[in-house]
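File shown: data20.cif. Contents: mmCIF, C-alpha atoms.
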```
data_work
loop_
_atom_site.label_atom_id
_atom_site.label_comp_id
_atom_site.auth_asym_id
_atom_site.auth_seq_id
_atom_site.Cartn_x
_atom_site.Cartn_y
_atom_site.Cartn_z
CA MET A 461 105.96 69.82 90.03
CA THR A 462 109.41 68.72 91.05
CA THR A 463 110.76 66.51 93.78
CA SER A 464 114.36 66.59 94.96
CA SER A 465 116.45 66.67 98.10
CA ALA A 466 117.70 69.56 100.22
CA PRO A 467 119.05 70.14 103.70
CA THR A 468 116.38 69.58 106.28
CA SER A 469 117.27 72.85 107.96
CA GLU A 470 115.20 74.74 105.38
CA GLY A 471 112.04 73.17 106.66
CA ALA A 472 112.83 73.54 110.30
CA PRO A 473 112.72 76.64 112.39
CA GLN A 474 116.05 78.23 113.01
CA GLY A 475 117.54 78.24 116.45
CA GLY A 476 114.63 76.27 117.89
CA ALA A 477 112.22 79.18 117.29
CA PRO A 478 108.57 78.17 117.73
CA THR A 479 106.57 77.38 114.61
CA LEU A 480 103.12 78.70 113.72
CA ARG A 481 99.94 76.63 113.81
CA LYS A 482 98.75 75.20 110.46
CA THR A 483 95.07 76.16 110.22
CA LEU A 484 94.49 77.66 106.75
CA THR A 485 92.56 75.63 104.18
CA THR A 486 92.38 76.36 100.43
CA PRO A 487 89.05 78.25 100.65
CA LEU A 488 90.25 80.38 103.56
CA LEU A 489 93.50 81.16 101.75
CA TYR A 490 91.57 81.97 98.57
CA PHE A 491 89.41 84.50 100.41
CA PHE A 492 92.48 85.84 102.22
CA ILE A 493 94.16 86.66 98.90
CA LEU A 494 90.97 87.84 97.22
CA GLY A 495 90.16 90.13 100.13
CA ASP A 496 93.65 91.59 100.07
CA VAL A 497 93.56 92.24 96.31
CA LEU A 498 89.97 93.54 96.25
CA GLY A 499 90.80 96.35 98.61
CA ALA A 500 89.78 99.98 98.84
CA GLY A 501 91.90 100.91 95.81
CA VAL A 502 89.43 99.73 93.20
CA TYR A 503 86.81 102.13 94.54
CA VAL A 504 89.00 105.15 93.72
CA LEU A 505 91.49 104.05 91.04
CA VAL A 506 89.19 103.59 88.06
CA GLY A 507 88.96 107.34 87.56
CA GLN A 508 92.72 107.82 87.83
CA VAL A 509 93.32 105.03 85.33
CA ALA A 510 90.86 106.71 82.95
CA ALA A 511 92.74 109.98 83.32
CA LYS A 512 95.96 108.26 82.24
CA SER A 513 94.78 105.82 79.59
CA GLY A 514 91.51 107.18 78.23
CA GLY A 515 88.08 105.57 78.06
CA ALA A 516 89.30 102.00 77.47
CA VAL A 517 89.95 101.48 81.18
CA TRP A 518 89.63 97.73 80.80
CA VAL A 519 92.85 97.52 78.73
CA PRO A 520 95.33 98.61 81.46
CA LEU A 521 93.34 96.59 84.00
CA LEU A 522 93.70 93.46 81.88
CA LEU A 523 97.39 94.14 81.20
CA ALA A 524 98.01 94.68 84.92
CA LEU A 525 96.37 91.32 85.63
CA LEU A 526 98.62 89.53 83.14
CA LEU A 527 101.75 91.16 84.57
CA SER A 528 100.64 90.32 88.10
CA LEU A 529 100.20 86.67 87.16
CA LEU A 530 103.85 86.52 86.02
CA THR A 531 105.16 87.58 89.43
CA ALA A 532 102.48 85.52 91.18
CA ALA A 533 103.85 82.39 89.49
CA SER A 534 107.28 83.17 90.96
CA TYR A 535 105.74 83.60 94.39
CA ALA A 536 103.88 80.30 93.98
CA GLU A 537 107.11 78.44 93.23
CA LEU A 538 109.03 79.95 96.14
CA ALA A 539 106.16 79.75 98.64
CA THR A 540 105.65 76.04 98.00
CA LYS A 541 109.38 75.42 97.89
CA TYR A 542 110.03 77.30 101.15
CA PRO A 543 106.71 77.54 103.04
CA ARG A 544 107.86 79.90 105.79
CA ALA A 545 106.79 83.28 107.11
CA GLY A 546 109.13 85.97 105.84
CA GLY A 547 108.16 85.83 102.18
CA ALA A 548 110.28 87.93 99.84
CA SER A 549 112.82 88.59 102.59
CA HIS A 550 113.41 84.87 103.09
CA TYR A 551 113.63 84.18 99.35
CA ALA A 552 116.09 87.03 98.73
CA THR A 553 118.21 85.87 101.69
CA LEU A 554 118.43 82.36 100.25
CA ALA A 555 119.29 83.64 96.76
CA TYR A 556 121.49 86.66 97.47
CA GLY A 557 122.41 86.65 101.15
CA PRO A 558 121.23 88.47 104.27
CA PHE A 559 121.87 92.01 103.04
CA THR A 560 119.55 91.73 100.04
CA GLY A 561 117.15 89.72 102.15
CA PHE A 562 116.98 92.54 104.65
CA LEU A 563 116.46 95.11 101.90
CA ALA A 564 113.59 93.14 100.37
CA GLY A 565 112.00 92.62 103.75
CA PHE A 566 112.48 96.26 104.69
CA CYS A 567 110.73 97.43 101.52
CA MET A 568 107.82 95.06 102.14
CA LEU A 569 107.61 95.92 105.81
CA ALA A 570 107.76 99.69 105.18
CA ALA A 571 105.11 99.43 102.49
CA GLY A 572 102.86 97.34 104.71
CA ILE A 573 103.12 99.56 107.77
CA VAL A 574 102.55 102.71 105.73
CA SER A 575 99.63 101.07 103.97
CA VAL A 576 97.92 100.23 107.27
CA ALA A 577 98.56 103.78 108.50
CA ALA A 578 97.07 105.25 105.34
CA LEU A 579 94.06 102.96 105.62
CA ALA A 580 93.57 103.98 109.24
CA ARG A 581 93.46 107.61 108.16
CA GLY A 582 91.21 106.67 105.26
CA PHE A 583 88.82 104.94 107.65
CA ALA A 584 88.59 108.17 109.65
CA GLY A 585 87.93 110.22 106.53
CA ASP A 586 84.97 111.11 104.34
CA TYR A 587 83.36 107.67 104.32
CA LEU A 588 83.09 107.62 108.12
CA THR A 589 82.04 111.26 108.35
CA SER A 590 79.01 110.47 106.21
CA PHE A 591 77.77 108.71 109.35
CA VAL A 592 79.57 110.36 112.29
CA SER A 593 82.37 112.89 112.83
CA LEU A 594 85.15 111.84 115.24
CA PRO A 595 88.76 112.97 115.79
CA VAL A 596 91.28 111.23 113.53
CA VAL A 597 93.49 110.35 116.52
CA LEU A 598 90.63 108.58 118.30
CA VAL A 599 89.44 106.71 115.23
CA ALA A 600 92.97 105.60 114.27
CA ALA A 601 93.73 104.41 117.80
CA VAL A 602 90.51 102.41 118.20
CA PHE A 603 90.69 101.12 114.63
CA LEU A 604 94.28 99.85 114.90
CA CYS A 605 93.78 98.39 118.38
CA ALA A 606 90.75 96.44 117.20
CA LEU A 607 92.64 95.09 114.19
CA ALA A 608 95.64 94.15 116.33
CA LEU A 609 93.45 92.26 118.81
CA LEU A 610 91.74 90.35 116.01
CA ASN A 611 95.13 89.60 114.46
CA ALA A 612 96.49 88.36 117.81
CA ARG A 613 93.45 86.18 118.43
CA GLY A 614 94.43 83.95 115.55
CA ILE A 615 94.97 83.65 111.82
CA SER A 616 91.89 81.46 111.49
CA GLU A 617 89.62 84.01 113.18
CA SER A 618 91.14 86.85 111.15
CA THR A 619 90.65 85.08 107.84
CA ARG A 620 87.07 84.12 108.72
CA ALA A 621 86.34 87.79 109.36
CA ASN A 622 87.98 88.47 106.03
CA VAL A 623 85.61 86.05 104.29
CA ALA A 624 82.57 88.06 105.39
CA ALA A 625 84.23 91.36 104.50
CA THR A 626 85.34 90.05 101.10
CA VAL A 627 81.79 88.96 100.28
CA ILE A 628 80.61 92.51 101.02
CA GLU A 629 83.40 94.05 98.92
CA VAL A 630 82.73 91.78 95.96
CA GLY A 631 79.00 92.30 96.35
CA GLY A 632 79.49 96.06 96.12
CA LEU A 633 81.57 95.75 92.96
CA LEU A 634 79.08 93.35 91.37
CA LEU A 635 76.30 95.77 92.26
CA VAL A 636 78.15 98.51 90.39
CA ALA A 637 78.60 96.17 87.44
CA GLY A 638 74.91 95.27 87.49
CA LEU A 639 73.83 98.90 87.66
CA GLY A 640 76.15 99.78 84.79
CA ILE A 641 74.80 96.97 82.62
CA TRP A 642 71.23 98.01 83.41
CA LEU A 643 72.08 101.60 82.52
CA LEU A 644 73.44 100.51 79.15
CA LEU A 645 70.48 98.23 78.44
CA ARG A 646 68.06 101.11 78.91
CA GLY A 647 69.95 103.04 76.25
CA ASP A 648 72.12 105.39 78.33
CA GLY A 649 75.88 105.64 78.30
CA ASP A 650 78.29 105.33 75.37
CA PRO A 651 79.90 101.93 74.63
CA GLY A 652 82.10 103.66 72.05
CA ARG A 653 84.32 104.94 74.86
CA LEU A 654 85.52 101.36 75.42
CA VAL A 655 87.90 101.62 72.43
CA HIS A 656 89.31 105.08 73.16
CA LEU A 657 92.99 104.76 74.15
CA GLY A 658 95.27 107.61 75.10
CA THR A 659 94.58 111.22 76.06
CA ALA A 660 95.23 114.64 74.61
CA ASP A 661 98.65 114.63 76.27
CA THR A 662 99.71 111.01 75.66
CA GLY A 663 99.51 108.49 72.86
CA ALA A 664 97.77 105.15 73.11
CA ALA A 665 100.84 103.11 74.13
CA ALA A 666 102.14 105.62 76.67
CA GLY A 667 98.66 106.09 78.09
CA VAL A 668 98.12 102.36 78.51
CA LEU A 669 101.47 101.89 80.27
CA SER A 670 100.85 104.82 82.61
CA GLY A 671 97.39 103.51 83.36
CA THR A 672 98.81 100.04 83.92
CA VAL A 673 101.06 101.34 86.72
CA LEU A 674 97.99 102.58 88.57
CA ALA A 675 95.99 99.48 87.69
CA TYR A 676 98.88 97.31 88.90
CA TYR A 677 98.43 98.86 92.34
CA SER A 678 94.91 97.39 92.34
CA PHE A 679 96.34 93.87 92.13
CA VAL A 680 99.10 94.15 94.73
CA GLY A 681 98.26 92.33 97.91
CA PHE A 682 98.68 88.82 96.54
CA GLU A 683 102.33 88.92 97.63
CA THR A 684 101.32 89.23 101.29
CA SER A 685 99.85 85.73 101.30
CA VAL A 686 103.28 84.05 101.22
CA ASN A 687 103.73 85.17 104.82
CA VAL A 688 100.96 82.79 105.90
CA ALA A 689 102.11 79.85 103.77
CA GLU A 690 103.64 78.38 106.93
CA GLU A 691 100.16 78.41 108.48
CA THR A 692 98.60 76.62 105.49
CA ARG A 693 97.80 72.93 105.92
CA ASP A 694 98.98 71.81 102.47
CA PRO A 695 100.83 74.73 100.81
CA ARG A 696 101.99 72.73 97.77
CA ARG A 697 98.39 72.16 96.64
CA SER A 698 96.51 74.95 98.36
CA TYR A 699 98.70 77.96 97.67
CA PRO A 700 98.88 77.93 93.82
CA ARG A 701 95.17 77.16 93.55
CA ALA A 702 94.18 79.91 95.95
CA LEU A 703 96.65 82.43 94.49
CA PHE A 704 95.80 82.08 90.81
CA GLY A 705 92.10 81.61 91.53
CA ALA A 706 91.93 84.79 93.59
CA LEU A 707 93.89 86.87 91.05
CA VAL A 708 91.77 85.71 88.11
CA THR A 709 88.59 86.35 90.10
CA ALA A 710 89.76 89.84 91.05
CA GLY A 711 90.84 90.52 87.47
CA ALA A 712 87.48 89.48 86.07
CA VAL A 713 85.66 91.74 88.54
CA TYR A 714 88.01 94.65 87.82
CA VAL A 715 87.68 94.36 84.05
CA LEU A 716 83.89 94.12 84.29
CA VAL A 717 83.74 97.17 86.58
CA GLY A 718 86.11 99.06 84.28
CA ILE A 719 83.96 98.29 81.26
CA VAL A 720 80.67 99.39 82.78
CA ALA A 721 82.17 102.46 84.47
CA SER A 722 83.77 103.69 81.26
CA ALA A 723 80.68 103.02 79.16
CA ALA A 724 78.24 104.47 81.69
CA VAL A 725 80.12 107.63 82.73
CA PRO A 726 81.98 110.15 80.53
CA THR A 727 85.76 109.76 80.79
CA ALA A 728 86.26 113.34 81.97
CA THR A 729 83.74 112.79 84.79
CA LEU A 730 85.49 109.60 85.88
CA ALA A 731 88.87 111.32 85.81
CA ARG A 732 87.66 114.18 88.01
CA SER A 733 85.90 112.00 90.58
CA SER A 734 87.51 110.72 93.80
CA GLY A 735 84.68 108.17 93.98
CA PRO A 736 84.29 107.04 90.36
CA LEU A 737 82.08 104.05 91.14
CA LEU A 738 79.68 106.35 92.92
CA GLU A 739 79.31 108.18 89.60
CA VAL A 740 77.96 104.95 88.11
CA VAL A 741 75.49 104.65 90.99
CA LYS A 742 74.34 108.25 90.48
CA GLU A 743 73.89 107.72 86.75
CA ALA A 744 71.91 104.53 87.30
CA GLY A 745 69.92 105.72 90.31
CA GLY A 746 68.02 103.62 92.82
CA VAL A 747 70.86 102.97 95.32
CA PRO A 748 71.54 105.27 98.33
CA PRO A 749 75.06 106.82 98.27
CA LYS A 750 75.51 105.91 101.94
CA LEU A 751 75.42 102.25 100.98
CA PHE A 752 78.71 102.70 99.14
CA SER A 753 80.17 104.61 102.05
CA ALA A 754 79.46 101.58 104.22
CA ILE A 755 80.92 99.17 101.67
CA ALA A 756 84.02 101.36 101.35
CA LEU A 757 84.51 101.30 105.13
CA VAL A 758 84.36 97.51 105.08
CA ALA A 759 86.87 97.45 102.21
CA VAL A 760 89.25 99.76 104.06
CA ALA A 761 89.01 97.79 107.31
CA ASN A 762 89.47 94.48 105.53
CA GLY A 763 92.50 95.75 103.61
CA ALA A 764 94.06 97.06 106.81
CA LEU A 765 93.43 93.76 108.62
CA LEU A 766 95.05 91.66 105.92
CA THR A 767 97.97 94.04 105.47
CA GLY A 768 98.43 94.07 109.24
CA ILE A 769 98.59 90.28 109.21
CA MET A 770 101.22 90.45 106.47
CA SER A 771 103.32 93.04 108.28
CA SER A 772 103.34 91.15 111.57
CA ARG A 773 104.20 87.81 109.91
CA LEU A 774 106.91 89.46 107.83
CA ALA A 775 108.47 91.05 110.90
CA TYR A 776 108.26 87.66 112.65
CA GLY A 777 109.93 85.90 109.73
CA MET A 778 112.71 88.48 109.40
CA ALA A 779 113.39 88.26 113.12
CA ARG A 780 113.58 84.48 112.90
CA ASP A 781 116.12 84.86 110.10
CA GLY A 782 118.16 87.14 112.35
CA LEU A 783 117.42 90.28 110.31
CA LEU A 784 115.40 91.98 113.07
CA PRO A 785 115.57 91.82 116.88
CA GLY A 786 114.76 88.38 118.32
CA PHE A 787 112.05 89.90 120.51
CA LEU A 788 109.78 89.95 117.47
CA THR A 789 109.69 86.13 117.35
CA ARG A 790 107.69 85.90 120.59
CA VAL A 791 104.31 84.21 120.19
CA LEU A 792 101.30 83.74 122.42
CA PRO A 793 101.67 80.33 124.16
CA GLY A 794 98.15 79.14 123.42
CA ARG A 795 97.23 80.73 120.13
CA ARG A 796 100.74 80.66 118.60
CA THR A 797 100.32 84.12 117.05
CA PRO A 798 103.30 86.54 116.90
CA TRP A 799 102.03 89.05 119.46
CA ALA A 800 105.27 91.05 119.65
CA SER A 801 105.38 91.66 115.89
CA ILE A 802 101.68 92.51 115.88
CA ALA A 803 102.11 95.08 118.67
CA VAL A 804 105.18 96.75 117.15
CA THR A 805 103.81 97.01 113.60
CA ALA A 806 100.46 98.32 114.87
CA ALA A 807 102.21 100.94 117.01
CA LEU A 808 104.34 102.11 114.09
CA SER A 809 101.25 102.33 111.89
CA PHE A 810 99.54 104.46 114.54
CA LEU A 811 102.51 106.84 114.71
CA LEU A 812 102.58 107.15 110.92
CA ALA A 813 98.82 107.69 110.83
CA LEU A 814 99.33 110.79 112.96
CA SER A 815 102.12 112.24 110.83
CA GLY A 816 101.91 114.32 107.73
CA ASP A 817 104.42 112.07 105.96
CA VAL A 818 102.04 109.18 105.30
CA ALA A 819 100.95 110.48 101.91
CA THR A 820 104.58 111.03 100.88
CA LEU A 821 105.57 107.50 101.90
CA ALA A 822 102.43 105.99 100.39
CA SER A 823 103.30 107.48 96.98
CA THR A 824 106.42 105.29 96.92
CA LEU A 825 104.48 102.07 97.56
CA VAL A 826 104.32 100.85 93.98
CA LEU A 827 108.00 101.56 93.38
CA LEU A 828 109.04 99.72 96.55
CA LEU A 829 106.98 96.71 95.58
CA LEU A 830 108.44 96.68 92.08
CA VAL A 831 111.90 96.43 93.66
CA VAL A 832 110.69 93.52 95.76
CA PHE A 833 109.01 91.81 92.82
CA PHE A 834 112.17 92.11 90.72
CA LEU A 835 114.18 90.41 93.48
CA VAL A 836 111.58 87.65 93.83
CA ASN A 837 111.45 86.92 90.10
CA THR A 838 115.22 86.71 89.84
CA ALA A 839 115.45 84.69 93.09
CA VAL A 840 113.38 81.97 91.42
CA LEU A 841 116.06 81.53 88.78
CA VAL A 842 118.92 81.61 91.29
CA GLN A 843 117.24 79.05 93.55
CA ARG A 844 116.73 76.55 90.74
CA ARG A 845 120.12 75.26 91.93
CA ASP A 846 118.46 74.18 95.20
CA HIS A 847 116.45 70.95 95.21
CA PRO A 848 114.38 70.56 98.38
CA ASP A 849 113.05 67.20 99.49
CA ARG A 850 109.42 68.31 99.11
CA PRO A 851 107.31 68.51 95.92
CA HIS A 852 106.52 72.07 94.89
CA PHE A 853 105.02 74.20 92.15
CA ARG A 854 107.43 75.03 89.32
CA ALA A 855 106.89 77.85 86.81
CA TRP A 856 108.17 77.79 83.25
CA THR A 857 111.59 79.47 83.13
CA ALA A 858 110.32 82.20 80.82
CA VAL A 859 107.75 83.30 83.42
CA PRO A 860 110.14 84.73 86.06
CA VAL A 861 112.25 86.25 83.29
CA LEU A 862 109.21 88.07 81.91
CA GLY A 863 108.15 88.93 85.44
CA ALA A 864 111.45 90.66 86.17
CA ALA A 865 111.31 92.49 82.83
CA SER A 866 107.78 93.69 83.59
CA CYS A 867 108.99 95.23 86.86
CA VAL A 868 111.67 97.18 84.99
CA LEU A 869 109.14 98.29 82.37
CA LEU A 870 106.65 99.56 84.95
CA ALA A 871 109.40 101.26 86.95
CA THR A 872 110.25 103.36 83.90
CA ARG A 873 106.72 104.78 84.03
CA VAL A 874 107.04 105.92 87.66
CA GLU A 875 107.39 109.68 88.03
CA GLY A 876 110.75 111.21 88.95
CA ALA A 877 109.48 112.74 92.19
CA VAL A 878 108.37 109.31 93.37
CA TRP A 879 111.76 107.88 92.46
CA ILE A 880 113.44 110.45 94.72
CA ARG A 881 111.25 109.47 97.68
CA GLY A 882 111.71 105.80 96.90
CA LEU A 883 115.47 106.13 96.76
CA ILE A 884 115.45 107.76 100.19
CA VAL A 885 113.57 104.79 101.63
CA LEU A 886 115.96 102.40 99.88
CA ALA A 887 118.93 104.32 101.28
CA VAL A 888 117.57 103.87 104.81
CA GLY A 889 117.04 100.17 104.17
CA THR A 890 120.55 99.85 102.76
CA ALA A 891 122.09 101.44 105.86
CA LEU A 892 120.05 99.28 108.23
CA GLY A 893 120.82 96.20 106.15
CA ALA A 894 124.55 96.86 106.37
CA ILE A 895 124.28 97.23 110.15
CA SER A 896 122.33 93.97 110.35
CA VAL A 897 124.92 92.08 108.31
CA VAL A 898 127.81 93.41 110.39
CA HIS A 899 125.98 92.46 113.57
CA ARG A 900 125.33 88.92 112.34
CA ARG A 901 128.97 88.46 111.31
CA ARG A 902 130.17 89.51 114.73
CA GLN A 903 127.87 87.20 116.66
CA PRO A 904 129.74 83.90 115.99
CA ARG A 905 133.04 85.50 117.05
CA ASN A 906 131.54 86.60 120.34
CA VAL A 907 130.20 83.15 121.14
CA THR A 908 133.07 80.89 122.22
#
```
Let me see whether you can do it: turn the structure in this file into structure tokens.
Amino acid sequence: MTTSSAPTSEGAPQGGAPTLRKTLTTPLLYFFILGDVLGAGVYVLVGQVAAKSGGAVWVPLLLALLLSLLTAASYAELATKYPRAGGASHYATLAYGPFTGFLAGFCMLAAGIVSVAALARGFAGDYLTSFVSLPVVLVAAVFLCALALLNARGISESTRANVAATVIEVGGLLLVAGLGIWLLLRGDGDPGRLVHLGTADTGAAAGVLSGTVLAYYSFVGFETSVNVAEETRDPRRSYPRALFGALVTAGAVYVLVGIVASAAVPTATLARSSGPLLEVVKEAGGVPPKLFSAIALVAVANGALLTGIMSSRLAYGMARDGLLPGFLTRVLPGRRTPWASIAVTAALSFLLALSGDVATLASTLVLLLLVVFFLVNTAVLVQRRDHPDRPHFRAWTAVPVLGAASCVLLATRVEGAVWIRGLIVLAVGTALGAISVVHRRRQPRNVT
């Protein structure tokens, strides 16, 4: 921890903008982060990781956890140093100026909105049709409206709903782990697959790194929690505990699931399956497949709710920093929730959910987040020159350095086609960022 002095303006809202209500406790924040990390991805990614890295699925999962913890430490330092909505955008603005701040925020915001849109379409897909068939437009509209209303009702209500959903998600994963262990104890499966690294097309090292990129996607979500640090009662103590606790919990669950899935099901079967955990259930027997459809729907809804909270708070924070229109800073008088940001981000998600471009944009998600994470890790080092008057978490200097290097390493494993799409999104953000900076520079001259 460190204690020093800084201008009081960092802790105060800019321009007299209203602040958000502090309601989050450590347990609620822990479940918020855990629910966001333990999203729908784990139910489908194990097979894809196996296809890249071979039978030892647990290795890239463990490596992804370690790399995530590096960047998480940087977020913990900045979130406790500057506990404000806006997250990476705010940190990049402080370290590099408004242009880079806008670019970081734009990447986060685009990723969040696209993620909610993709989850809305996912909710209307095969898992729902195992119970009832409805038009995608209707399901997406009702789904996103319900999430927006819950989001607008309050952060406390939203995170309490997340607690229940997270318990269900974790319960489903632990059930898979239990079934896999039981399957192995009765003599089925092949534990020897747990040491097989690489595939016929890739060596062990290349396979592990490629698998780690996919596994890394399973851990993203922790970064969204910085946008509710301002609504946390004691961020200096609560945030690091909740953040590291949730990531380690998620990592332990992921590694356990990866071990039992790989040992219980042949690697080729996992790689071919779009529902790899269901393959474990089928091998073990005794659990109805519809049970996992229901759990998956809860996971999708919970991930969309938490990502929607992130997107709305990020838009609110960027608007308060002058990077987006001031209209987005409007909050409900009683509940103090950013209703304007919630409405706009939900509407954009609905429009994207109806387009055929959601899959194309979603494929750039990891790359966009790696850009953001690189900026956050380096912002930690730049902002060591600033000494705020509040105690805060401080990471070892080597941690953000390694965190930034890990982002570069993983980016080299991203496919070229994804880079092209990512660069297009970055080009749009660059143009909008330049417009925003020019607009901000002109404002003081017009006010006389």
Exercise for review: Calculate how many Å separate CA of Phe559 (chain A) from CA of Gly893 (chain A), rounding to one decimal.
Suggested key: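 Calculated distance between CA of Phe559 (chain A) and CA of Gly893 (chain A) is 5.3 Å.
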Check your understanding: Taking (81.6, 93.4, 101.3) in the file's coordinates, which residues come within 12 Å, counting only C-alpha atoms, written as a ChimeraX atom specification?
Key -> /A:491,494-495,498-500,621-635,751-763
Exercise for review: For CA of Gln508 (chain A) and CA of Ala731 (chain A), quote the distance in Å rounded to one decimal.
Suggested key: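 The value is 5.6 Å.
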Exercise for review: Evaluate the PyMOL selection byres ((chain A and resi 583) around 12) and record the selected residues as a count of residues only, following the chain and residue labels used in the document.
Suggested key: 42
Review point. Do you know which residues are at most 12 Å from Leu505 (chain A) counting all atoms listed in the file, after dropping those on the same chain fewer than 2 positions away, and could you put them as a ChimeraX atom specification?
Key: /A:498-503,507-512,517,520-521,671-679,714,717-718,721,730-737
Save region 655-717 of chain A to a file: C-alpha atoms, as a compact mmCIF listing (two decimals), in the first residue's frame.
```
# COMPACT_ATOMS: atom_id res chain seq x y z
CA VAL A 655 -0.09 -34.99 -20.56
CA HIS A 656 -0.63 -34.82 -24.32
CA LEU A 657 0.43 -31.39 -25.60
CA GLY A 658 0.24 -30.22 -29.19
CA THR A 659 -1.58 -31.59 -32.22
CA ALA A 660 -0.67 -33.15 -35.54
CA ASP A 661 -0.35 -29.66 -37.02
CA THR A 662 1.37 -27.83 -34.14
CA GLY A 663 4.10 -28.53 -31.64
CA ALA A 664 3.64 -28.45 -27.90
CA ALA A 665 4.70 -24.82 -27.36
CA ALA A 666 2.74 -23.42 -30.31
CA GLY A 667 -0.29 -25.48 -29.36
CA VAL A 668 -0.23 -24.28 -25.76
CA LEU A 669 0.05 -20.62 -26.80
CA SER A 670 -2.78 -20.94 -29.33
CA GLY A 671 -4.91 -22.67 -26.73
CA THR A 672 -4.03 -20.00 -24.19
CA VAL A 673 -5.50 -17.28 -26.44
CA LEU A 674 -8.84 -19.09 -26.38
CA ALA A 675 -8.52 -19.92 -22.70
CA TYR A 676 -7.69 -16.27 -21.98
CA TYR A 677 -11.11 -15.36 -23.36
CA SER A 678 -12.61 -17.47 -20.56
CA PHE A 679 -11.06 -15.18 -17.96
CA VAL A 680 -11.92 -11.81 -19.48
CA GLY A 681 -14.70 -10.08 -17.63
CA PHE A 682 -12.68 -9.17 -14.55
CA GLU A 683 -11.79 -5.86 -16.20
CA THR A 684 -15.44 -4.79 -16.24
CA SER A 685 -15.53 -4.59 -12.45
CA VAL A 686 -13.43 -1.40 -12.34
CA ASN A 687 -16.46 0.44 -13.71
CA VAL A 688 -18.33 -0.19 -10.46
CA ALA A 689 -15.40 0.65 -8.16
CA GLU A 690 -17.03 4.04 -7.61
CA GLU A 691 -20.09 2.22 -6.26
CA THR A 692 -18.02 0.10 -3.85
CA ARG A 693 -18.09 1.11 -0.19
CA ASP A 694 -14.38 0.59 0.51
CA PRO A 695 -12.60 0.01 -2.83
CA ARG A 696 -9.08 0.02 -1.36
CA ARG A 697 -9.81 -3.10 0.70
CA SER A 698 -12.73 -4.65 -1.13
CA TYR A 699 -11.60 -4.48 -4.74
CA PRO A 700 -8.26 -6.38 -4.60
CA ARG A 701 -9.75 -9.06 -2.35
CA ALA A 702 -12.79 -9.56 -4.56
CA LEU A 703 -10.78 -9.41 -7.80
CA PHE A 704 -8.03 -11.89 -6.95
CA GLY A 705 -10.41 -14.14 -5.03
CA ALA A 706 -12.82 -14.36 -7.94
CA LEU A 707 -10.08 -15.01 -10.52
CA VAL A 708 -8.45 -17.74 -8.45
CA THR A 709 -11.85 -19.33 -7.81
CA ALA A 710 -12.70 -19.25 -11.51
CA GLY A 711 -9.26 -20.58 -12.41
CA ALA A 712 -9.57 -23.49 -10.00
CA VAL A 713 -12.99 -24.40 -11.41
CA TYR A 714 -11.75 -24.09 -15.00
CA VAL A 715 -8.67 -26.24 -14.42
CA LEU A 716 -10.73 -28.90 -12.64
CA VAL A 717 -13.31 -28.94 -15.46
```
